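Engineer: My questions all concern the structure below.
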Amino acid sequence: MSEHWIDLRSDTVTQPSEAMRAAMAAAPVGDDVYGDDPTVNRLQEVTAELFGYEAALFAPSGTQSNLIALMLHCGRGDEYLVGQDAHTYKYEGGGAAVLGSIQPQPIANQPDGSLALGDIEHYIKPDDMHFARTRLLALENTIGGKVLGADYMAQATALAKSRGLATHLDGARICNAAVKQGISLRAAVAGFDSVSVCLSKGLGTPVGSVLCGPKAFIEQGKRWRKMLGGGMRQAGVLAAAGLYALEHNVERLADDHANAARLSAGLRAIEGLQVTTPQTNIFYVDVPPAACDALRATLTRERIRATVGPHTRLVTHLDVSAADVERVIAVFTGFFKEHNDR
């Protein structure tokens with residue numbers, strides 16, 4: 001048995017539970033490129049139903065499902081409006097531009113993670129040959145752990161539609177947003193033409209995201225998925241994990257939110273640390289630069305993984321228990337007591 005590590009780098013590090021592994025092992029499979037995998041088909045049907053769409057498409061990653069959506073909504077020379085801090089703009093390798101010939105128009109995110117409605121309006125281009133054609137508004141929920149509320153989402157999507165734009169939601173942590181707000185998954189994505197739902201973060205699956213949208217949109221998405229190398233064969237062993245997660249791991253996200261709140265409160269009590277208050281399972285700690293190297297070494301020695309820097313992100317998930325949280329607080333407290341006494 002390996003020693004237990006507490007991993008706070010991301011909720012992507014989660015391990016499939018024994019029950020999830022059993023579901024994967026027992027999954028009936030077929031060739032999904034032919035549409036023959038019953039478990040993939042079931043995952044797509046269930047996800048579409050849960051989020052209120054006609055159809056859905058299982059993809060290997062959120063990066064790919066987002067890119068498929070962008071390439072469906074926009075053609076060459078088109079443009080999408082996106083937050084400066086959004087994953088599709090900042091952390092997905094420039095795929096929309098490189099592979100889709102789609103121009104991003106980045107907009108500064110507000111402190112709450114939203115894009116100001118006035119900014120969205122401002123950056124929609126006129127119908128003029130000098131400009132790329134603005135086709136799409138892409139938002140993300142949660143973003144940096146912050147929840148975009150249902151009222152804001154309704155206003156933003158209504159604005160986009162009034163100007164003839166399509167709307168896409170990067171729902172990498174949309175289930176966290178829904179649980180935090182106490183609303184249904186359908187309500188959390190209302191107004192969006194498409195949504196990418198990630199299964200491999202807080203929901204705890206090994207891999208995969210599901211793109212939801214209209215039936216004709218998803219049918220076209222299969223072509224882009226194949227071209228991008230996302231056509232998998234007996235993928236039911238992966239889809240079974242997604243089905244298990246959607247059935248068992250959505251409501252329990254509230255536990256991760258509670259653990260993040262407790263961890264942030266414990267760290268906030270330490271002299272010299274500036275700690276944000278989490279809305280969901282993600283928060284940030286400003287660590288004195290002079291302490292970063294020593295803190296990183298101490299955490300490693302104590303079997304705690306974190307991406308330590310002057311602005312450190314900490315993320316709770318299903319493999320971080322309440323007891324783990326108390327241990328992390330104790331290690332941080334002991335380290336900074338010694339560091340501050342020097």
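Going through the structure tokens in order, the chains are called A, B, and so on, while each chain numbers its residues from 1 and the ligands are numbered from 1 in the order shown.
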Please, which residues of segment 58-107 of chain A, numbered as in this document, come out strand (DSSP E) from DSSP, as a VMD selection string?
Structural biologist: chain A and resid 58 to 59 78 to 83 103 to 107
Engineer: Could you take the residues named above and write them with all heavy atoms, as an mmCIF file, in the first residue's frame?
Structural biologist:
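Generated output (result39.cif):
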```cif
data_model
loop_
_atom_site.group_PDB
_atom_site.id
_atom_site.type_symbol
_atom_site.label_atom_id
_atom_site.label_comp_id
_atom_site.auth_asym_id
_atom_site.auth_seq_id
_atom_site.Cartn_x
_atom_site.Cartn_y
_atom_site.Cartn_z
ATOM 1 N N PHE A 58 -19.457 12.368 -26.450
ATOM 2 C CA PHE A 58 -18.380 12.065 -25.524
ATOM 3 C C PHE A 58 -17.039 12.319 -26.204
ATOM 4 O O PHE A 58 -16.795 11.850 -27.311
ATOM 5 C CB PHE A 58 -18.488 10.603 -25.086
ATOM 6 C CG PHE A 58 -17.488 10.181 -24.033
ATOM 7 C CD1 PHE A 58 -17.236 10.970 -22.922
ATOM 8 C CD2 PHE A 58 -16.808 8.978 -24.158
ATOM 9 C CE1 PHE A 58 -16.331 10.570 -21.949
ATOM 10 C CE2 PHE A 58 -15.906 8.562 -23.190
ATOM 11 C CZ PHE A 58 -15.661 9.363 -22.082
ATOM 12 N N ALA A 59 -16.182 13.087 -25.546
ATOM 13 C CA ALA A 59 -14.863 13.419 -26.091
ATOM 14 C C ALA A 59 -13.790 13.108 -25.050
ATOM 15 O O ALA A 59 -14.072 13.067 -23.855
ATOM 16 C CB ALA A 59 -14.803 14.888 -26.486
ATOM 17 N N ASP A 78 -13.956 33.937 -38.551
ATOM 18 C CA ASP A 78 -14.926 34.370 -37.552
ATOM 19 C C ASP A 78 -14.221 34.623 -36.219
ATOM 20 O O ASP A 78 -13.055 34.290 -36.036
ATOM 21 C CB ASP A 78 -16.019 33.318 -37.368
ATOM 22 C CG ASP A 78 -16.972 33.238 -38.547
ATOM 23 O OD1 ASP A 78 -16.966 34.170 -39.368
ATOM 24 O OD2 ASP A 78 -17.716 32.244 -38.639
ATOM 25 N N GLU A 79 -14.978 35.176 -35.292
ATOM 26 C CA GLU A 79 -14.423 35.592 -34.008
ATOM 27 C C GLU A 79 -15.351 35.154 -32.877
ATOM 28 O O GLU A 79 -16.569 35.101 -33.046
ATOM 29 C CB GLU A 79 -14.295 37.125 -34.013
ATOM 30 C CG GLU A 79 -13.992 37.765 -32.673
ATOM 31 C CD GLU A 79 -14.033 39.280 -32.767
ATOM 32 O OE1 GLU A 79 -12.979 39.870 -33.076
ATOM 33 O OE2 GLU A 79 -15.117 39.863 -32.546
ATOM 34 N N TYR A 80 -14.732 34.824 -31.737
ATOM 35 C CA TYR A 80 -15.555 34.585 -30.547
ATOM 36 C C TYR A 80 -15.109 35.494 -29.419
ATOM 37 O O TYR A 80 -13.932 35.811 -29.278
ATOM 38 C CB TYR A 80 -15.541 33.112 -30.135
ATOM 39 C CG TYR A 80 -14.299 32.583 -29.457
ATOM 40 C CD1 TYR A 80 -14.320 32.259 -28.100
ATOM 41 C CD2 TYR A 80 -13.121 32.353 -30.162
ATOM 42 C CE1 TYR A 80 -13.195 31.743 -27.469
ATOM 43 C CE2 TYR A 80 -11.995 31.836 -29.545
ATOM 44 C CZ TYR A 80 -12.041 31.529 -28.194
ATOM 45 O OH TYR A 80 -10.926 31.020 -27.570
ATOM 46 N N LEU A 81 -16.077 35.959 -28.635
ATOM 47 C CA LEU A 81 -15.822 36.801 -27.472
ATOM 48 C C LEU A 81 -15.592 35.899 -26.277
ATOM 49 O O LEU A 81 -16.373 34.976 -26.014
ATOM 50 C CB LEU A 81 -17.010 37.730 -27.210
ATOM 51 C CG LEU A 81 -17.506 38.585 -28.377
ATOM 52 C CD1 LEU A 81 -18.662 39.475 -27.927
ATOM 53 C CD2 LEU A 81 -16.379 39.409 -28.975
ATOM 54 N N VAL A 82 -14.519 36.183 -25.518
ATOM 55 C CA VAL A 82 -14.115 35.267 -24.459
ATOM 56 C C VAL A 82 -13.372 36.038 -23.379
ATOM 57 O O VAL A 82 -12.723 37.054 -23.659
ATOM 58 C CB VAL A 82 -13.223 34.137 -25.055
ATOM 59 C CG1 VAL A 82 -11.945 34.705 -25.660
ATOM 60 C CG2 VAL A 82 -12.912 33.056 -24.031
ATOM 61 N N GLY A 83 -13.440 35.576 -22.159
ATOM 62 C CA GLY A 83 -12.746 36.222 -21.059
ATOM 63 C C GLY A 83 -11.232 36.073 -21.166
ATOM 64 O O GLY A 83 -10.722 35.031 -21.594
ATOM 65 N N GLN A 103 -10.628 33.709 -34.639
ATOM 66 C CA GLN A 103 -9.957 34.760 -33.869
ATOM 67 C C GLN A 103 -10.639 34.937 -32.518
ATOM 68 O O GLN A 103 -11.852 35.179 -32.457
ATOM 69 C CB GLN A 103 -10.029 36.085 -34.634
ATOM 70 C CG GLN A 103 -9.525 37.282 -33.831
ATOM 71 C CD GLN A 103 -9.464 38.531 -34.672
ATOM 72 O OE1 GLN A 103 -8.595 38.667 -35.529
ATOM 73 N NE2 GLN A 103 -10.405 39.438 -34.451
ATOM 74 N N PRO A 104 -9.881 34.845 -31.426
ATOM 75 C CA PRO A 104 -10.472 35.182 -30.136
ATOM 76 C C PRO A 104 -10.448 36.685 -29.916
ATOM 77 O O PRO A 104 -9.493 37.366 -30.295
ATOM 78 C CB PRO A 104 -9.555 34.474 -29.135
ATOM 79 C CG PRO A 104 -8.228 34.444 -29.811
ATOM 80 C CD PRO A 104 -8.509 34.333 -31.295
ATOM 81 N N GLN A 105 -11.508 37.220 -29.338
ATOM 82 C CA GLN A 105 -11.517 38.605 -28.874
ATOM 83 C C GLN A 105 -11.572 38.564 -27.350
ATOM 84 O O GLN A 105 -12.636 38.408 -26.766
ATOM 85 C CB GLN A 105 -12.722 39.362 -29.424
ATOM 86 C CG GLN A 105 -12.929 40.746 -28.815
ATOM 87 C CD GLN A 105 -11.731 41.665 -29.008
ATOM 88 O OE1 GLN A 105 -11.459 42.105 -30.109
ATOM 89 N NE2 GLN A 105 -11.019 41.955 -27.919
ATOM 90 N N PRO A 106 -10.405 38.620 -26.691
ATOM 91 C CA PRO A 106 -10.407 38.530 -25.233
ATOM 92 C C PRO A 106 -10.958 39.801 -24.600
ATOM 93 O O PRO A 106 -10.721 40.915 -25.081
ATOM 94 C CB PRO A 106 -8.930 38.328 -24.897
ATOM 95 C CG PRO A 106 -8.190 38.909 -26.052
ATOM 96 C CD PRO A 106 -9.058 38.709 -27.253
ATOM 97 N N ILE A 107 -11.695 39.606 -23.524
ATOM 98 C CA ILE A 107 -12.301 40.690 -22.754
ATOM 99 C C ILE A 107 -11.879 40.519 -21.297
ATOM 100 O O ILE A 107 -11.861 39.399 -20.778
ATOM 101 C CB ILE A 107 -13.841 40.646 -22.868
ATOM 102 C CG1 ILE A 107 -14.270 40.801 -24.332
ATOM 103 C CG2 ILE A 107 -14.487 41.724 -22.011
ATOM 104 C CD1 ILE A 107 -15.775 40.609 -24.554
#
```
Engineer: Return the single residue from A:Tyr89, A:Ile304, A:Val325, A:Gly213 that is closest to Ala265 of chain A, with distances computed using only C-alpha atoms.
Structural biologist: A:Val325
Engineer: Can you tell me which residues surround Glu121 of chain A at a distance of at most 9 Å, considering only C-alpha atoms, apart from same-chain residues fewer than 5 positions away, and format the answer as number ranges by chain?
Structural biologist: A: 116, 159-160, 163
Engineer: Residues within 9 Å of Trp5 of chain A, please, as an NGL selection string. Count only C-alpha atoms; anything in the same chain fewer than 6 positions from it doesn't count.
Structural biologist: :A and (302-305)
Engineer: Would you mind telling me which residue in A:Thr167, A:Ser101, A:Ser10, A:Thr280 lies nearest to Gly145 of chain A when using only C-alpha atoms?
Structural biologist: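 Closest to Gly145 of chain A, using only C-alpha atoms: A:Thr280.
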Engineer: Find the residues near segment 112-115 of chain A: any atom within 12 Å, counting only C-alpha atoms, skip ones fewer than 5 places away on the same chain, and give them as a count of residues only.
Structural biologist: 35
Engineer: What lies within 9 Å of Phe332 of chain A using only C-alpha atoms, ignoring chain neighbours under 5 positions off, as a list in words?
Structural biologist: Leu267, Ile270, Leu295, Thr298, Leu299, Arg327 and Lys337 of chain A
Engineer: Take the residues from that selection and put them in a file with all heavy atoms, as a compact mmCIF listing (two decimals), in the first residue's frame.
Structural biologist:
```
# COMPACT_ATOMS: atom_id res chain seq x y z
N LEU A 267 -6.14 28.55 7.14
CA LEU A 267 -4.94 29.22 6.64
C LEU A 267 -5.01 30.73 6.85
O LEU A 267 -3.98 31.39 7.04
CB LEU A 267 -4.75 28.90 5.16
CG LEU A 267 -4.55 27.43 4.80
CD1 LEU A 267 -4.27 27.28 3.32
CD2 LEU A 267 -3.44 26.79 5.63
N ILE A 270 -3.35 32.27 9.88
CA ILE A 270 -1.88 32.26 9.97
C ILE A 270 -1.33 33.63 9.60
O ILE A 270 -1.67 34.18 8.55
CB ILE A 270 -1.29 31.18 9.03
CG1 ILE A 270 -1.79 29.79 9.45
CG2 ILE A 270 0.23 31.23 9.04
CD1 ILE A 270 -1.41 28.69 8.48
N LEU A 295 8.60 26.36 2.05
CA LEU A 295 7.25 25.81 2.23
C LEU A 295 7.04 24.62 1.29
O LEU A 295 6.50 23.58 1.71
CB LEU A 295 6.20 26.88 1.96
CG LEU A 295 4.74 26.41 2.00
CD1 LEU A 295 4.38 25.83 3.36
CD2 LEU A 295 3.80 27.56 1.63
N THR A 298 8.81 21.65 2.71
CA THR A 298 8.12 21.13 3.90
C THR A 298 6.88 20.35 3.51
O THR A 298 6.63 19.25 4.04
CB THR A 298 7.75 22.29 4.83
OG1 THR A 298 8.94 22.92 5.30
CG2 THR A 298 6.93 21.79 6.03
N LEU A 299 6.10 20.88 2.60
CA LEU A 299 4.89 20.18 2.18
C LEU A 299 5.23 18.83 1.54
O LEU A 299 4.57 17.82 1.79
CB LEU A 299 4.09 21.05 1.21
CG LEU A 299 3.49 22.33 1.77
CD1 LEU A 299 2.77 23.11 0.67
CD2 LEU A 299 2.53 22.04 2.92
N ARG A 327 -4.95 18.26 8.72
CA ARG A 327 -3.51 18.01 8.66
C ARG A 327 -2.79 19.11 7.87
O ARG A 327 -1.72 19.57 8.27
CB ARG A 327 -3.24 16.65 8.02
CG ARG A 327 -1.76 16.38 7.77
CD ARG A 327 -1.42 14.93 7.63
NE ARG A 327 -0.03 14.77 7.24
CZ ARG A 327 1.01 14.97 8.03
NH1 ARG A 327 0.82 15.35 9.29
NH2 ARG A 327 2.25 14.82 7.59
N LYS A 337 4.78 29.34 11.86
CA LYS A 337 5.19 29.72 13.23
C LYS A 337 6.71 29.78 13.29
O LYS A 337 7.29 30.74 13.83
CB LYS A 337 4.64 28.74 14.25
CG LYS A 337 4.95 29.13 15.70
CD LYS A 337 4.32 28.15 16.65
CE LYS A 337 4.49 28.65 18.09
NZ LYS A 337 5.89 28.96 18.43
```
Engineer: Just to confirm, what's the straight-line distance from atom CA of Gly266 of chain A to atom CA of Phe336 of chain A in Å (one decimal)?
Structural biologist: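 We find that atom CA of Gly266 of chain A and atom CA of Phe336 of chain A lie 12.6 Å from each other.
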Engineer: Can you tell me which residues surround Ala172 of chain A at a distance of at most 10 Å, considering only C-alpha atoms, apart from same-chain residues fewer than 2 positions away, and format the answer as a list in words?
Structural biologist: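 So, after excluding close chain neighbours, the residues are Gly62, Thr63, Asn66, His87, Glu140, Asn141, Thr142, Ile143, Leu169, Asp170, Ile174, Cys175, Asn176, Ala177, Val195, Ser196, Val197, Cys198, Leu199, Ser200, Lys201, Gly202, Ser209 and Val210 of chain A.
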Engineer: Write the residues of the preceding selection, restricted to N, CA, C and O atoms, as a short mmCIF file (atom, residue, chain, number, x, y, z; two decimals), in the first residue's frame.
Structural biologist:
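Dumped to result29.cif:
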```cif
data_model
loop_
_atom_site.label_atom_id
_atom_site.label_comp_id
_atom_site.auth_asym_id
_atom_site.auth_seq_id
_atom_site.Cartn_x
_atom_site.Cartn_y
_atom_site.Cartn_z
N GLY A 62 -11.84 18.05 -22.11
CA GLY A 62 -12.56 19.31 -22.19
C GLY A 62 -11.96 20.23 -23.22
O GLY A 62 -12.69 21.00 -23.87
N THR A 63 -10.66 20.18 -23.39
CA THR A 63 -10.02 20.98 -24.43
C THR A 63 -10.59 20.62 -25.80
O THR A 63 -10.90 21.49 -26.62
N ASN A 66 -14.45 21.62 -26.06
CA ASN A 66 -14.57 23.06 -26.28
C ASN A 66 -14.18 23.44 -27.70
O ASN A 66 -14.84 24.25 -28.36
N HIS A 87 -10.44 29.52 -19.81
CA HIS A 87 -9.63 28.36 -20.18
C HIS A 87 -9.51 28.22 -21.70
O HIS A 87 -8.43 27.92 -22.22
N GLU A 140 -17.51 30.77 -19.06
CA GLU A 140 -17.01 29.63 -18.29
C GLU A 140 -17.58 29.68 -16.88
O GLU A 140 -17.62 30.74 -16.26
N ASN A 141 -18.03 28.52 -16.38
CA ASN A 141 -18.60 28.46 -15.04
C ASN A 141 -18.30 27.10 -14.40
O ASN A 141 -18.64 26.07 -15.00
N THR A 142 -17.62 27.07 -13.27
CA THR A 142 -17.06 28.19 -12.54
C THR A 142 -15.78 28.66 -13.24
O THR A 142 -15.22 27.95 -14.05
N ILE A 143 -15.31 29.88 -12.87
CA ILE A 143 -14.06 30.40 -13.41
C ILE A 143 -13.20 30.83 -12.23
O ILE A 143 -13.59 31.69 -11.45
N LEU A 169 -20.95 27.45 -23.36
CA LEU A 169 -20.51 27.47 -21.97
C LEU A 169 -19.45 26.40 -21.75
O LEU A 169 -19.71 25.21 -21.98
N ASP A 170 -18.27 26.82 -21.32
CA ASP A 170 -17.27 25.88 -20.83
C ASP A 170 -17.69 25.51 -19.41
O ASP A 170 -17.45 26.26 -18.47
N ILE A 174 -19.26 23.00 -14.03
CA ILE A 174 -20.64 23.47 -13.98
C ILE A 174 -21.43 22.77 -12.88
O ILE A 174 -22.35 23.37 -12.29
N CYS A 175 -21.08 21.54 -12.56
CA CYS A 175 -21.79 20.86 -11.47
C CYS A 175 -21.49 21.52 -10.13
O CYS A 175 -22.37 21.61 -9.26
N ASN A 176 -20.26 21.99 -9.94
CA ASN A 176 -19.94 22.76 -8.74
C ASN A 176 -20.81 24.01 -8.65
O ASN A 176 -21.32 24.37 -7.58
N ALA A 177 -20.97 24.68 -9.79
CA ALA A 177 -21.77 25.91 -9.81
C ALA A 177 -23.22 25.61 -9.46
O ALA A 177 -23.86 26.36 -8.70
N VAL A 195 -22.90 23.33 -24.33
CA VAL A 195 -22.14 23.31 -23.08
C VAL A 195 -21.21 22.11 -23.09
O VAL A 195 -21.56 21.03 -23.57
N SER A 196 -20.00 22.32 -22.61
CA SER A 196 -19.04 21.23 -22.40
C SER A 196 -19.02 20.89 -20.93
O SER A 196 -18.74 21.75 -20.09
N VAL A 197 -19.32 19.64 -20.61
CA VAL A 197 -19.39 19.18 -19.22
C VAL A 197 -18.20 18.27 -18.95
O VAL A 197 -18.08 17.20 -19.56
N CYS A 198 -17.31 18.68 -18.05
CA CYS A 198 -16.13 17.87 -17.75
C CYS A 198 -16.47 16.84 -16.67
O CYS A 198 -17.07 17.16 -15.66
N LEU A 199 -16.05 15.61 -16.91
CA LEU A 199 -16.29 14.52 -15.97
C LEU A 199 -15.08 14.22 -15.10
O LEU A 199 -15.20 13.51 -14.11
N SER A 200 -13.91 14.73 -15.47
CA SER A 200 -12.66 14.28 -14.84
C SER A 200 -12.10 15.24 -13.80
O SER A 200 -10.96 15.12 -13.41
N LYS A 201 -12.93 16.18 -13.36
CA LYS A 201 -12.49 17.06 -12.27
C LYS A 201 -13.20 16.61 -11.00
O LYS A 201 -12.97 15.52 -10.52
N GLY A 202 -14.06 17.46 -10.45
CA GLY A 202 -14.70 17.10 -9.18
C GLY A 202 -15.56 15.86 -9.25
O GLY A 202 -15.81 15.21 -8.22
N SER A 209 -14.96 14.41 -21.33
CA SER A 209 -15.94 15.49 -21.25
C SER A 209 -17.06 15.18 -22.23
O SER A 209 -16.87 14.41 -23.18
N VAL A 210 -18.21 15.79 -22.00
CA VAL A 210 -19.36 15.57 -22.87
C VAL A 210 -19.84 16.92 -23.40
O VAL A 210 -20.09 17.84 -22.62
#
```
Engineer: So how far away is atom CA of Leu50 of chain A from atom CA of Glu251 of chain A, in Å?
Structural biologist: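 Atom CA of Leu50 of chain A lies 13.6 Å from atom CA of Glu251 of chain A.
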Engineer: Which distance in Å separates atom CA of Leu263 of chain A and atom CA of Ile329 of chain A, to one decimal?
Structural biologist: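 Separation of atom CA of Leu263 of chain A and atom CA of Ile329 of chain A: 6.6 Å.
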